[in-house]
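Novice: Data file start_38.cif (mmCIF, C-alpha atoms) is appended below.
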```cif
data_entry
#
loop_
_atom_site.label_atom_id
_atom_site.label_comp_id
_atom_site.auth_asym_id
_atom_site.auth_seq_id
_atom_site.Cartn_x
_atom_site.Cartn_y
_atom_site.Cartn_z
CA MET H 1 94.85 120.51 123.51
CA VAL H 2 97.42 119.01 125.89
CA ILE H 3 100.68 118.37 124.06
CA GLY H 4 102.17 115.05 125.21
CA THR H 5 105.67 113.66 124.69
CA GLN H 6 106.76 114.00 121.09
CA PRO H 7 106.10 110.69 119.30
CA GLN H 8 108.54 109.10 116.86
CA GLU H 9 107.65 108.71 113.20
CA ALA H 10 107.41 104.92 113.72
CA ASP H 11 104.80 105.48 116.47
CA VAL H 12 102.74 107.58 114.07
CA ARG H 13 103.01 104.96 111.32
CA ALA H 14 101.95 102.24 113.77
CA ALA H 15 98.93 104.35 114.70
CA LEU H 16 98.09 104.86 111.03
CA ALA H 17 97.96 101.06 110.66
CA GLU H 18 94.86 101.27 112.87
CA VAL H 19 93.01 103.63 110.51
CA PRO H 20 90.83 101.66 108.04
CA ASP H 21 90.12 102.69 104.47
CA PRO H 22 86.43 103.68 104.46
CA GLU H 23 85.57 101.90 101.20
CA ILE H 24 87.58 98.72 101.90
CA PRO H 25 87.75 98.59 105.70
CA VAL H 26 89.74 95.33 105.75
CA LEU H 27 92.71 97.47 104.65
CA SER H 28 94.39 100.10 106.77
CA VAL H 29 95.70 103.23 105.10
CA ILE H 30 99.19 101.74 105.60
CA ASP H 31 98.27 98.44 103.88
CA LEU H 32 96.71 100.40 101.04
CA GLY H 33 100.00 102.26 100.60
CA ILE H 34 98.52 105.75 100.53
CA VAL H 35 100.74 107.17 103.29
CA HIS H 36 103.46 109.06 101.46
CA ARG H 37 105.10 111.09 104.22
CA VAL H 38 104.92 111.47 107.98
CA GLU H 39 106.48 114.48 109.67
CA VAL H 40 106.59 114.90 113.41
CA ARG H 41 107.24 118.48 114.48
CA PRO H 42 107.27 119.80 118.05
CA ASP H 43 103.87 121.44 117.62
CA ALA H 44 102.07 119.17 115.15
CA ILE H 45 102.02 116.01 113.07
CA GLY H 46 101.92 116.25 109.29
CA VAL H 47 100.78 113.40 107.05
CA ALA H 48 100.79 113.48 103.25
CA ILE H 49 98.58 110.92 101.52
CA LEU H 50 98.35 109.80 97.90
CA PRO H 51 94.86 109.50 96.38
CA THR H 52 94.32 106.08 94.75
CA PHE H 53 92.17 107.90 92.19
CA VAL H 54 92.22 111.65 91.54
CA GLY H 55 88.54 112.09 92.26
CA CYS H 56 88.25 109.54 95.05
CA PRO H 57 85.17 110.65 97.03
CA ALA H 58 86.47 108.96 100.18
CA LEU H 59 89.40 111.38 100.56
CA ASP H 60 87.63 113.75 102.93
CA VAL H 61 86.62 110.86 105.19
CA ILE H 62 90.17 109.45 105.09
CA ARG H 63 91.66 112.83 105.97
CA SER H 64 89.32 113.39 108.89
CA SER H 65 89.64 109.85 110.25
CA ILE H 66 93.46 110.11 110.20
CA ALA H 67 93.34 113.50 111.92
CA ALA H 68 90.88 112.29 114.55
CA HIS H 69 92.79 109.08 115.33
CA LEU H 70 96.27 110.63 115.53
CA GLY H 71 94.93 113.67 117.36
CA ALA H 72 93.34 111.53 120.06
CA LYS H 73 96.38 109.26 120.33
CA PHE H 74 99.16 111.85 120.42
CA GLY H 75 97.35 114.92 121.76
CA ARG H 76 98.54 117.42 119.19
CA PRO H 77 97.21 119.01 115.99
CA VAL H 78 97.37 116.90 112.86
CA ASN H 79 97.56 118.24 109.31
CA VAL H 80 96.65 115.81 106.55
CA GLU H 81 97.33 116.90 102.99
CA THR H 82 96.92 115.09 99.68
CA THR H 83 99.66 115.13 97.08
CA PHE H 84 100.42 113.74 93.64
CA GLU H 85 104.21 114.04 94.18
CA VAL H 86 104.42 110.37 93.33
CA PRO H 87 101.48 108.57 91.74
CA TRP H 88 99.77 105.95 93.88
CA ALA H 89 100.20 102.64 92.09
CA SER H 90 98.82 99.17 92.76
CA GLU H 91 102.25 97.88 93.85
CA ARG H 92 101.96 100.08 96.94
CA ILE H 93 99.47 97.67 98.50
CA SER H 94 101.34 95.60 101.12
CA PRO H 95 101.56 91.78 100.99
CA ALA H 96 99.37 91.66 104.12
CA GLY H 97 96.94 93.97 102.35
CA ARG H 98 96.72 91.63 99.35
CA VAL H 99 95.90 88.71 101.65
CA ALA H 100 93.26 90.75 103.46
CA LEU H 101 91.66 91.74 100.16
CA ARG H 102 91.39 88.12 99.02
CA GLN H 103 89.84 87.15 102.35
CA ALA H 104 87.26 89.89 101.83
CA GLY H 105 86.38 88.49 98.38
CA ILE H 106 88.20 91.16 96.37
CA ALA H 107 90.98 90.14 93.97
CA PRO H 108 94.11 92.23 94.56
CA PRO H 109 95.30 94.26 91.58
CA SER H 110 97.20 92.54 88.78
CA ALA H 111 97.22 92.53 85.00
CA PRO H 112 93.75 91.46 83.75
CA GLU H 113 95.12 88.12 82.47
CA ASP H 114 96.62 87.33 85.87
CA VAL H 115 93.48 87.93 87.93
CA ARG H 116 92.50 84.90 90.03
CA CYS H 117 89.18 84.23 91.73
CA PRO H 118 89.49 85.31 95.38
CA PHE H 119 87.12 82.49 96.45
CA CYS H 120 88.50 79.40 94.64
CA ALA H 121 91.78 80.71 93.10
CA SER H 122 90.64 79.64 89.62
CA ALA H 123 92.23 81.31 86.62
CA GLU H 124 89.04 80.68 84.60
CA VAL H 125 87.75 84.20 85.09
CA VAL H 126 86.31 86.81 82.72
CA MET H 127 86.11 90.56 83.12
CA ASP H 128 82.47 91.63 82.94
CA SER H 129 83.30 95.31 83.08
CA ALA H 130 86.37 97.39 83.79
CA PHE H 131 84.15 99.63 85.91
CA GLY H 132 82.63 98.58 89.20
CA PRO H 133 80.92 100.01 92.27
CA THR H 134 83.80 102.32 93.14
CA GLN H 135 86.34 104.07 90.90
CA CYS H 136 89.08 101.64 91.88
CA ARG H 137 87.28 98.33 91.18
CA SER H 138 86.38 96.17 88.16
CA LEU H 139 83.74 93.43 87.86
CA PHE H 140 84.72 89.81 87.14
CA TYR H 141 83.00 86.44 86.93
CA CYS H 142 84.57 83.13 87.94
CA ARG H 143 83.72 80.17 85.70
CA GLY H 144 85.27 77.80 88.25
CA CYS H 145 82.96 78.47 91.18
CA ARG H 146 80.36 80.50 89.25
CA GLN H 147 80.65 83.52 91.47
CA PRO H 148 80.84 87.15 90.47
CA PHE H 149 83.62 89.06 92.24
CA GLU H 150 85.36 92.41 92.24
CA ALA H 151 89.01 93.11 91.55
CA LEU H 152 90.99 96.25 92.34
CA LYS H 153 92.04 97.99 89.14
CA SER H 154 95.71 97.92 88.38
CA VAL H 155 96.96 101.50 88.04
CA MET I 1 98.08 119.87 96.58
CA ASN I 2 101.68 120.37 97.46
CA GLY I 3 101.44 124.15 97.31
CA ALA I 4 104.40 124.72 94.97
CA ALA I 5 104.26 128.35 93.97
CA ALA I 6 102.99 128.90 90.46
CA PRO I 7 105.65 130.20 88.10
CA ALA I 8 104.82 133.45 86.40
CA VAL I 9 104.06 131.76 83.12
CA VAL I 10 101.72 133.53 80.75
CA GLY I 11 99.04 131.14 79.56
CA LEU I 12 99.11 128.71 82.50
CA ASP I 13 95.70 129.90 83.70
CA GLU I 14 94.27 129.59 80.20
CA LEU I 15 95.68 126.07 79.82
CA LEU I 16 94.34 124.88 83.19
CA LEU I 17 90.93 126.44 82.57
CA SER I 18 90.53 124.83 79.14
CA MET I 19 91.50 121.39 80.47
CA ALA I 20 89.35 121.69 83.60
CA ASP I 21 86.32 122.90 81.63
CA ASP I 22 86.71 120.04 79.13
CA GLU I 23 86.76 117.41 81.87
CA PHE I 24 83.96 119.09 83.81
CA VAL I 25 81.61 119.44 80.84
CA ILE I 26 82.06 115.92 79.47
CA GLY I 27 81.97 114.43 82.96
CA PHE I 28 78.76 116.22 83.85
CA SER I 29 77.13 115.64 80.48
CA ASP I 30 77.82 111.89 80.41
CA SER I 31 76.72 111.49 84.03
CA GLU I 32 73.22 112.01 82.64
CA TRP I 33 73.35 108.35 81.57
CA THR I 34 73.28 107.27 85.22
CA GLY I 35 70.15 105.15 85.53
CA ILE I 36 69.26 105.07 81.83
CA ALA I 37 72.27 103.59 79.99
CA PRO I 38 71.52 100.70 77.56
CA LEU I 39 72.93 98.02 79.91
CA LEU I 40 73.31 97.80 83.66
CA GLU I 41 77.08 97.34 83.38
CA GLU I 42 77.22 100.36 81.11
CA ASP I 43 75.23 102.40 83.58
CA VAL I 44 77.91 101.67 86.18
CA ALA I 45 80.74 102.19 83.68
CA MET I 46 79.55 105.54 82.36
CA SER I 47 78.88 106.77 85.89
CA SER I 48 82.39 105.72 86.93
CA LEU I 49 84.00 107.34 83.88
CA SER I 50 82.11 110.54 84.62
CA GLN I 51 83.15 110.45 88.24
CA ASP I 52 86.79 110.16 87.13
CA GLU I 53 86.43 113.17 84.81
CA LEU I 54 84.77 115.28 87.49
CA GLY I 55 87.63 114.33 89.82
CA HIS I 56 90.18 115.46 87.22
CA ALA I 57 88.25 118.69 86.74
CA ALA I 58 88.18 119.32 90.50
CA ALA I 59 91.97 118.79 90.76
CA LEU I 60 92.65 121.09 87.78
CA TYR I 61 90.31 123.79 89.12
CA ALA I 62 92.11 123.48 92.47
CA LEU I 63 95.49 124.18 90.80
CA LEU I 64 94.00 127.16 89.01
CA ALA I 65 92.35 128.37 92.21
CA GLU I 66 95.77 128.52 93.90
CA ILE I 67 97.16 130.66 91.09
CA LYS I 68 94.19 132.99 91.04
CA ASP I 69 93.72 132.94 94.81
CA THR I 70 90.12 131.82 94.62
CA ASP I 71 88.08 128.69 95.24
CA ALA I 72 87.66 125.68 92.91
CA ASP I 73 83.85 125.75 93.27
CA VAL I 74 83.75 129.42 92.32
CA LEU I 75 85.63 128.55 89.13
CA ALA I 76 83.42 125.57 88.36
CA TYR I 77 80.02 127.10 89.06
CA ASP I 78 80.03 130.87 89.27
CA ARG I 79 80.68 131.87 85.66
CA GLU I 80 78.31 132.82 82.88
CA PRO I 81 78.02 130.29 80.01
CA ALA I 82 80.07 132.53 77.68
CA ASP I 83 83.04 132.40 80.10
CA TYR I 84 83.54 128.62 79.90
CA ARG I 85 86.49 127.50 77.76
CA HIS I 86 85.72 123.87 76.93
CA ALA I 87 86.14 122.68 73.35
CA ARG I 88 83.16 123.11 71.03
CA LEU I 89 83.22 119.34 70.48
CA LEU I 90 81.74 119.06 73.98
CA ASP I 91 79.01 121.60 73.25
CA HIS I 92 77.13 118.86 71.45
CA GLY I 93 74.74 117.26 73.90
CA ARG I 94 75.06 113.58 74.80
CA GLY I 95 72.37 112.72 72.20
CA ASP I 96 71.76 108.99 71.71
CA TRP I 97 74.21 106.28 72.75
CA ALA I 98 76.09 106.41 69.42
CA MET I 99 76.52 110.18 69.81
CA THR I 100 77.85 109.71 73.34
CA ILE I 101 80.35 107.05 72.22
CA ALA I 102 81.48 109.07 69.19
CA ARG I 103 81.90 112.27 71.20
CA ARG I 104 83.80 110.49 73.94
CA TYR I 105 86.02 108.54 71.57
CA LEU I 106 87.06 111.72 69.78
CA TYR I 107 87.57 113.52 73.09
CA GLU I 108 89.43 110.71 74.91
CA THR I 109 91.90 110.20 72.06
CA ALA I 110 92.48 113.95 71.71
CA ASP I 111 92.85 114.37 75.47
CA ALA I 112 95.38 111.52 75.61
CA THR I 113 97.48 113.27 72.95
CA ARG I 114 97.26 116.56 74.81
CA LEU I 115 98.30 114.91 78.11
CA GLU I 116 101.34 113.35 76.40
CA ALA I 117 102.64 116.89 75.81
CA LEU I 118 102.24 117.82 79.50
CA VAL I 119 103.45 114.83 81.49
CA ASP I 120 107.14 115.81 81.43
CA GLY I 121 106.38 119.50 81.85
CA SER I 122 108.47 121.86 83.97
CA TRP I 123 105.70 122.88 86.38
CA SER I 124 105.62 119.89 88.72
CA PRO I 125 102.12 120.29 90.23
CA LEU I 126 100.60 119.93 86.76
CA ALA I 127 103.06 117.30 85.47
CA GLU I 128 102.45 115.14 88.58
CA LEU I 129 98.68 115.44 88.27
CA VAL I 130 98.82 114.58 84.55
CA ASP I 131 100.90 111.48 85.32
CA LYS I 132 98.19 110.32 87.70
CA ILE I 133 95.31 111.23 85.37
CA ARG I 134 96.83 109.26 82.48
CA ARG I 135 96.75 106.07 84.55
CA GLU I 136 92.98 106.44 84.82
CA GLU I 137 92.38 107.56 81.24
CA ARG I 138 93.96 104.31 80.02
CA TYR I 139 90.81 102.50 81.18
CA HIS I 140 88.59 105.08 79.49
CA LEU I 141 90.35 104.64 76.15
CA MET I 142 90.10 100.87 76.36
CA HIS I 143 86.40 100.97 77.20
CA ILE I 144 85.34 103.56 74.64
CA GLY I 145 87.51 101.93 71.96
CA THR I 146 85.63 98.66 72.50
CA TRP I 147 82.30 100.45 72.07
CA LEU I 148 83.43 102.25 68.93
CA GLU I 149 84.43 98.93 67.34
CA ARG I 150 81.16 97.36 68.42
CA LEU I 151 78.96 100.08 66.93
CA ALA I 152 81.07 100.43 63.77
CA GLY I 153 81.07 96.68 63.16
CA THR I 154 77.35 96.08 63.64
CA ARG I 155 75.22 96.67 60.57
CA GLY I 156 71.94 98.52 60.78
CA ALA I 157 70.95 101.12 63.34
CA SER I 158 74.21 100.87 65.37
CA ARG I 159 76.49 101.75 62.48
CA ASP I 160 74.04 104.22 60.91
CA ARG I 161 73.70 106.16 64.12
CA LEU I 162 77.45 106.15 64.67
CA LEU I 163 78.01 107.53 61.15
CA ALA I 164 75.39 110.23 61.72
CA ALA I 165 77.05 111.20 65.02
CA LEU I 166 80.52 111.36 63.44
CA GLU I 167 79.16 113.53 60.64
CA THR I 168 77.72 115.99 63.18
CA LEU I 169 80.80 115.99 65.44
CA GLY I 170 83.55 115.73 62.81
CA PRO I 171 83.99 119.44 62.02
CA ASP I 172 84.33 120.22 65.75
CA ALA I 173 86.53 117.23 66.68
CA GLY I 174 89.79 119.17 66.42
CA THR I 175 88.64 121.97 68.74
CA VAL I 176 90.31 120.23 71.70
CA PHE I 177 93.53 121.59 70.11
CA THR I 178 92.36 125.19 69.74
CA PRO I 179 95.56 127.27 70.02
CA LEU I 180 96.02 129.10 73.34
CA ASP I 181 97.06 132.77 73.38
CA GLY I 182 99.84 131.96 75.84
CA GLU I 183 101.13 128.94 73.95
CA PRO I 184 104.57 130.36 73.00
CA SER I 185 105.30 131.18 76.62
CA LEU I 186 104.06 127.76 77.84
CA ILE I 187 106.39 126.06 75.37
CA GLU I 188 109.35 128.33 76.13
CA SER I 189 109.03 127.68 79.86
CA GLY I 190 108.75 123.93 79.30
CA VAL I 191 105.24 123.51 80.73
CA LEU I 192 104.03 122.29 77.33
CA ALA I 193 106.22 120.12 75.10
CA ARG I 194 104.72 121.03 71.71
CA SER I 195 102.19 123.34 70.15
CA MET I 196 98.50 122.44 70.01
CA ALA I 197 98.83 122.34 66.21
CA ASP I 198 101.59 119.71 66.50
CA SER I 199 99.49 117.73 68.97
CA GLU I 200 96.55 117.90 66.58
CA ARG I 201 98.71 116.48 63.79
CA ALA I 202 99.86 113.64 66.06
CA TRP I 203 96.23 112.94 67.03
CA ARG I 204 95.04 112.86 63.42
CA ASP I 205 97.94 110.52 62.52
CA SER I 206 96.93 108.11 65.28
CA LEU I 207 93.20 108.28 64.45
CA ALA I 208 93.56 107.65 60.71
CA PRO I 209 94.48 103.92 60.76
CA VAL I 210 91.69 103.09 63.23
CA PHE I 211 89.05 104.96 61.24
CA GLN I 212 90.28 103.47 57.96
CA ARG I 213 90.10 99.96 59.36
CA LEU I 214 86.55 100.53 60.63
CA ASP I 215 85.60 102.39 57.45
CA LEU I 216 84.56 105.51 59.34
CA PRO I 217 84.82 109.08 58.01
CA ILE I 218 88.01 110.89 59.10
CA PRO I 219 87.08 114.14 60.90
CA PRO I 220 87.49 117.08 58.50
CA PRO I 221 89.57 120.14 59.41
CA THR I 222 88.10 122.28 62.18
CA VAL I 223 85.53 124.87 61.17
CA ASP I 224 86.25 128.36 62.57
CA PRO I 225 89.22 127.16 64.66
CA ALA I 226 89.85 130.54 66.29
CA ARG I 227 86.51 130.25 68.11
CA GLY I 228 86.97 126.60 69.03
CA ARG I 229 86.56 127.27 72.76
CA THR I 230 84.35 130.34 72.83
CA ALA I 231 81.32 129.91 70.57
CA HIS I 232 79.09 127.91 72.90
CA GLY I 233 75.59 127.01 71.74
CA ASN I 234 72.20 126.20 73.21
CA ASP I 235 72.98 122.63 74.27
CA PHE I 236 75.64 124.02 76.61
CA ARG I 237 73.37 126.76 77.95
CA TRP I 238 70.93 124.03 78.94
CA LEU I 239 73.67 121.93 80.57
CA TRP I 240 74.95 125.03 82.41
CA GLY I 241 71.47 125.58 83.81
CA GLU I 242 71.50 122.01 85.09
CA PHE I 243 74.92 122.00 86.71
CA THR I 244 74.53 125.39 88.38
CA SER I 245 70.99 124.73 89.64
CA VAL I 246 71.92 123.23 93.01
CA ARG I 247 74.48 125.92 93.82
CA GLY I 248 72.08 128.58 92.58
CA ALA I 249 69.31 127.27 94.84
CA ASP I 250 71.12 128.52 97.94
CA PRO I 251 74.17 130.64 97.10
CA GLY I 252 76.94 130.45 99.67
CA ALA I 253 75.56 127.37 101.41
CA THR I 254 77.94 124.69 102.69
CA TRP I 255 76.96 121.32 101.23
#
```
Would you mind giving the structure from this file in structure tokens?
Specialist:
Amino acid sequence: MVIGTQPQEADVRAALAEVPDPEIPVLSVIDLGIVHRVEVRPDAIGVAILPTFVGCPALDVIRSSIAAHLGAKFGRPVNVETTFEVPWASERISPAGRVALRQAGIAPPSAPEDVRCPFCASAEVVMDSAFGPTQCRSLFYCRGCRQPFEALKSV
Amino acid sequence: MNGAAAPAVVGLDELLLSMADDEFVIGFSDSEWTGIAPLLEEDVAMSSLSQDELGHAAALYALLAEIKDTDADVLAYDREPADYRHARLLDHGRGDWAMTIARRYLYETADATRLEALVDGSWSPLAELVDKIRREERYHLMHIGTWLERLAGTRGASRDRLLAALETLGPDAGTVFTPLDGEPSLIESGVLARSMADSERAWRDSLAPVFQRLDLPIPPPTVDPARGRTAHGNDFRWLWGEFTSVRGADPGATW
């Protein structure tokens, strides 16, 4: 591997904003708030990520897509580790990420009573089930526009 | 994992193994409802709950694997049935839906009380993981609590089956708090905030008002408490055969 000029941490973070979450590809790993630490060393780049859920099955894919993208961009080895040093929490999703979620038809995380329909913004919604198609999502129904929708769990 | 070196605390391996085995066994056992739960939403919910538990088990086995310098899969799959250390409560098979709800309600509430005593612990890799796990278990408690109320408050088969399940499980309910050999050292080093016996008292105190309100029988004291994590029966041997079958089909394969 040809080692190029050493990038700055900001360059690495900008590159991470191009790596989509595999389960919710409208969000980058930066928007999702799972990037905990970036370390640029002369010989390698280290990234520590926070799992949204302990048993998230997408972690391996996230790790390898980060390593592949940064490796290709900066021409040096990339180590991606997961950590629970701080717990990932819903507030880590960026404002841009919350907008992107709504546009994709997924309500961003909030207390169950504050969930709004991502299609029509109605507050007349009911939770069908706290558990949805992935560990991090719940199922809701909107009485305003009569559409089922998913919401990210608040953790 | 952040790779913090494990302190030389007697009992840490025993604690991690008991917690990991609990989460693994209930997660695997309840995943059998995938495809056949009473409602479609419940099928999804029980599968998701089980996936969470298996994730917790994997993370706990990974911590233990670092201490013992082995591999999490080896710990999860390559032991004989007698070497598993889950609570006897989880030896009971999933049974019917009422049995599954009763078993999980007793386990989730006990587990929540156990986690309370670990979240401020002195060994940060475990305390950090427990902090994260508790945020997920909150949803489990809410969901299973709703089902318990529903079955208890519906006359006829629902309530009858729930009562039968609680009668079967009751004497084993407290086994989640089976004392660990290394408990004094875990408490002295600050990994664990209180003894399992104290946690059990706290759990029984929190369970009593709920069970009284729903007119359900309070679980009696544990039978044969010293063997609460070792005397595994035939239901578990069957489950063990199931969860080791894929790994056993081609030992050493990379999946």
Novice: Kindly resolve the PyMOL selection byres ((chain H and resi 72-79) around 10) on the present coordinates and return the residues as number ranges by chain.
Specialist: H: 1-7, 11-12, 15, 39-48, 63-64, 66-71, 80-81
Novice: So which residues get picked by the PyMOL selection byres ((chain H) within 9 of (chain I)) here, written as a PyMOL selection string?
Specialist: chain H and resi 53-57+81-89+128-135+139+155
Novice: What does the distance between atom CA of I:Leu214 and atom CA of I:Gly153 come to in Å, to one decimal place?
Specialist: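 Rounded to one decimal, the two atoms are 7.2 Å apart.
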Novice: Mind giving me the straight-line distance from atom CA of H:Pro108 to atom CA of I:Thr34 in Å, one decimal?
Specialist: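 Computing the Euclidean distance for atom CA of H:Pro108 and atom CA of I:Thr34 yields 27.3 Å.
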Novice: Show me the residues around (86.9, 78.6, 87.3) - criterion: an atom at most 12 Å away, only C-alpha atoms counted - as a PyMOL selection string.
Specialist: chain H and resi 115-126+140-148
Novice: Could you please determine the separation between atom CA of I:Thr113 and atom CA of I:Ala173 in Å, to one decimal place?
Specialist: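 A separation of 13.2 Å between them.
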Novice: Excluding I:Asp181 and its own-chain neighbours fewer than 2 positions away, which residues fall within 7 Å of it when counting only C-alpha atoms? Please give them as a VMD selection string.
Specialist: chain I and resid 11 179 183
Novice: Using the chain letters and numbers from this file, what does the PyMOL selection byres ((chain I and resi 102-104) around 9) select? Give the answer as a VMD selection string.
Specialist: chain I and resid 26 30 89 to 90 92 94 97 to 101 105 to 109 144 148 162 to 163 165 to 166 169 173
Novice: Pick from I:Ala197, I:His86, I:Gly233, I:Asp96: nearest to I:Ala157, with all atoms listed in the file counted?
Specialist: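 Among the listed residues, I:Asp96 lies closest to I:Ala157.
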Novice: Using all atoms listed in the file, which protein or nucleic acid residues come within 10 Å of I:Ile187? Drop anything in the same chain fewer than 3 positions from it, and give the result as JSON, numbers by chain.
Specialist: {"I": [9, 11, 117, 121, 122, 182, 183, 184, 190, 191, 192, 193, 194, 195]}
Novice: Nearest to I:Trp147: which of I:Arg229, I:Arg85, I:Arg159, I:Arg213 is it, counting only C-alpha atoms?
Specialist: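 So, comparing all the options, the nearest one is I:Arg159.
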